[in-house]
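Asks: Got a structure here, written out as structure tokens. Questions coming.
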Amino acid sequence: MRGAGRVALQFVGLVVAVFWCIPLFWTLLTAFKSPDDPDALTSLFAGLQPSLQNFAMAWQSASFASYYLNTIVIVVGILVVQCVFITLAGFAFARFEFRGKNILFTLFLLQLMVPASALIGPNYTTVRSLGLLDTKVAVMLPYVASAMGTFWMRQTFRQVPRELEEAAVMDGARWWQVLWHVYLPAARPALSAFALVSLSIHWNDFLWPLVVTNTPKSQPLTVGLSLLTQMGETGAQWSMIAAGTWIVILPLLVLFLIFQRQFVNSFLQSGLK
Amino acid sequence: MASAVADPAVPASTPSGRRRWIRLQPYLMLLPSAAFLAVFTLWPMLKAAAGSLFYNDSAHPQPEFAGFAIYQSLWVDPEFRQVLANTGWFILGTVPLSLVLGRLFALLVNQPGVLSPVLRAAFFHPVVLPMVSAASIWLFLYTPQYGLIDQALAGFGLGQVNWLGQPGTAMWAVILTMIWKQVGFYMIFYLAGLQNLPADVYEAADLDGAGAVRKFFSLTLPLLMPTTLFVTTIAIVNAFQTVDHLYIMTQGGPNNSTATLLYYVYQQAFTFNDFGKASALSAILIVLLILCALLQNWVDRRVHYQ
């Protein structure tokens, strides 16, 4: 496209982008407004104060310290187990022929079609009968096996040349040594892309944790934020809720700004698998 | 068939115990994932199907066989029909507009220029936020009088509208939130699609003197068709399964005007303790989701292998 057209398009893009960022900026602005200033909420720049008072209030009023810890434990726990499970399962699907392979593959496909959120009712009764209600383990259980991750690893492992494996076997390597020294190094980009997607999905997950947790000892950040939000329907505590929102989104936003390209690529791959 | 990994390593002289182990190996590798998938995906699907045949609510402390009675009562229940209609409106409201905007944004950030990475971050950032946070932010934007939307409208002498509090506007309000949240996600699929477009076709079009608009409608749009079909099904499934914003913004109200199918499942199970009805609703939702997946698969094959 020619010069003038291109500049016009960039300008249009900039205007739309500014609009797209307004909700976030306005929330940030509100998080720094004095809760005692009567004009703070009805005027754009009134009542701004350079203090973290609202953040401190939000942090205390809703046990954010334990929500944070829970979220990190849940998200990392899911990821670690997932990585082991998808590596093994992906390897089996990529490099073995065995009876029942197609049936097992279909079972995995079902998880891609029916997301866990559609199964909250029956999964809740399962977790209840296991006596695991209100635990972090309960939040993790439905997600530790990942069909998406398994397919991702299968795809990656299939691209590893057989000759490498055969050479390793000739040298006397056992299967776990082959997996560790030949296959896993080749799968490192796929695993890190999967990690980004998994972390952000489970950091953001809400409905399932809402259903299986009831106390701050197991509730993650998203549930904590929802409790905080319900407190302030009147509008009086908006500055604190805005601060709480920022407490929840800040780590992901920072991660996103640092790993922008990887984030975008990971999401792209996750959809294309 | 013997395992591929073991082939070169298993001469005929290998002891039979070792060979049995090698045959078991793939099953053992699949066991952890398959076990959890069976317990948390397959079994709950069967449980929902079975549970939908029993009354299991506060009036029936012991589950009581109902046959298809729950489905029959849903069929004539105006509330259920409204929930289905809401789900349809939510899909119709979010999917086409998200796709059109996703494609436009992809065109905007696909231009070479220093601005493109900034624009991409601006459009994509809502995707990495939790839906709960997005909903909190928008709940706040929609607050009558204090919210930014009312403040902006006040400049035109409008405002004081309870966007989320009245059936006429609540659905639009949640649709707008969902669009803001997910457009960036679809943008990247279109961006990938745009970058994979065959350059030679465009060069030929240039030689023929085709203008930018003509090229967009005659080349870009049709060539992006596979992306569009693919993204459409992801967007529909997303619309079915995302309810976090409803919990925060409307609780399905006012007057059930924003309750979608999954939110209704949640309400029946966890607000009204009616597990029979919740199971039947889940079963319906599962069938719809599987139909979407099969449809996508079918369309995908037609598009790619014709």
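Quick note on naming: the chains in the structure tokens go A, B, ... in the order shown, residues restart at 1 in each chain, and ligands are numbered from 1 in order of appearance.
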Per residue of chain B within 6 Å of chain A, which atom pair is closest and at what distance in Å (one decimal), using only C-alpha atoms, listed by chain and increasing number, as a tab-separated table?
Replies:
residue	atom	partner	partner_atom	distance
B:Ser3	CA	A:Phe96	CA	5.1
B:Ala4	CA	A:Phe96	CA	5.5
B:Pro26	CA	A:Ala92	CA	5.0
B:Met29	CA	A:Leu88	CA	5.0
B:Leu30	CA	A:Ala89	CA	4.7
B:Ser33	CA	A:Ala145	CA	4.8
B:Phe36	CA	A:Ala145	CA	5.9
B:Phe40	CA	A:Pro142	CA	5.4
B:Pro44	CA	A:Pro122	CA	5.1
B:Leu108	CA	A:Gly13	CA	5.7
B:Leu119	CA	A:Ala17	CA	5.9
B:Ala122	CA	A:Ala17	CA	5.6
B:Pro130	CA	A:Asn204	CA	4.2
B:Ser133	CA	A:Thr245	CA	5.8
B:Tyr146	CA	A:Thr42	CA	5.3
B:Ile290	CA	A:Met113	CA	5.6
B:Ala293	CA	A:Met113	CA	5.7
Asks: What gap, in Å, lies between atom CA of Gly224 of chain A and atom CA of Ser239 of chain A?
Replies: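 Between atom CA of Gly224 of chain A and atom CA of Ser239 of chain A the gap is 16.3 Å.
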Asks: Tell me which protein, DNA and RNA residues are within 12 Å of Leu194 of chain B, counting only C-alpha atoms, leaving out same-chain ones fewer than 3 positions away, and put them as an MDAnalysis selection string.
Replies: chainID B and resid 102:111 187:191 197:199 202 216 219:228
Asks: Which residues in segment 62-254 of chain A does DSSP call alpha helix (DSSP H)? List them as a ChimeraX atom specification.
Replies: /A:64-95,101-113,120-129,136-140,147-158,162-170,175-178,184-204,207-212,221-231,238-254
Asks: Using only C-alpha atoms, which residue out of A:Asn70, A:Val139, A:Cys83, A:Met240 lies closest to Phe32 of chain A?
Replies: A:Met240
Asks: Name the residues in contact with segment 237-247 of chain B at a cut-off of 6 Å, using only C-alpha atoms, excluding same-chain residues fewer than 6 positions from it; report them as a list in words.
Replies: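 Non-adjacent residues within range: Ile91, Val132, Ala135 and Tyr263 of chain B.
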Asks: Restricting the calculation to only C-alpha atoms, which member of A:Ala138, A:Ala190, A:Ala4, A:Leu130 is positioned closest to Gln159 of chain A?
Replies: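 Nearest to Gln159 of chain A: A:Ala190.
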Asks: For the atom pair atom CA of Gln296 of chain B and atom CA of Thr106 of chain A, what is the interatomic distance in Å to one decimal place?
Replies: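 Separation of atom CA of Gln296 of chain B and atom CA of Thr106 of chain A: 16.0 Å.
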Asks: Find the distance between atom CA of Ala134 of chain B and atom CA of Ala56 of chain A and write it in Å to one decimal.
Replies: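 We find that atom CA of Ala134 of chain B and atom CA of Ala56 of chain A lie 21.4 Å from each other.
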Asks: Using only C-alpha atoms, pick whichever of B:Ser116, B:Ser257, B:Asn56, B:Gln151 has the shortest atom-to-atom distance to Arg81 of chain B.
Replies: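 Counting only C-alpha atoms, the residue closest to Arg81 of chain B is B:Ser257.
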Asks: Please list as a list in words every residue within 7 Å of Asn214 of chain A, counting only C-alpha atoms and excluding residues in the same chain fewer than 2 positions away.
Replies: Asp134, Val212 and Gln219 of chain A
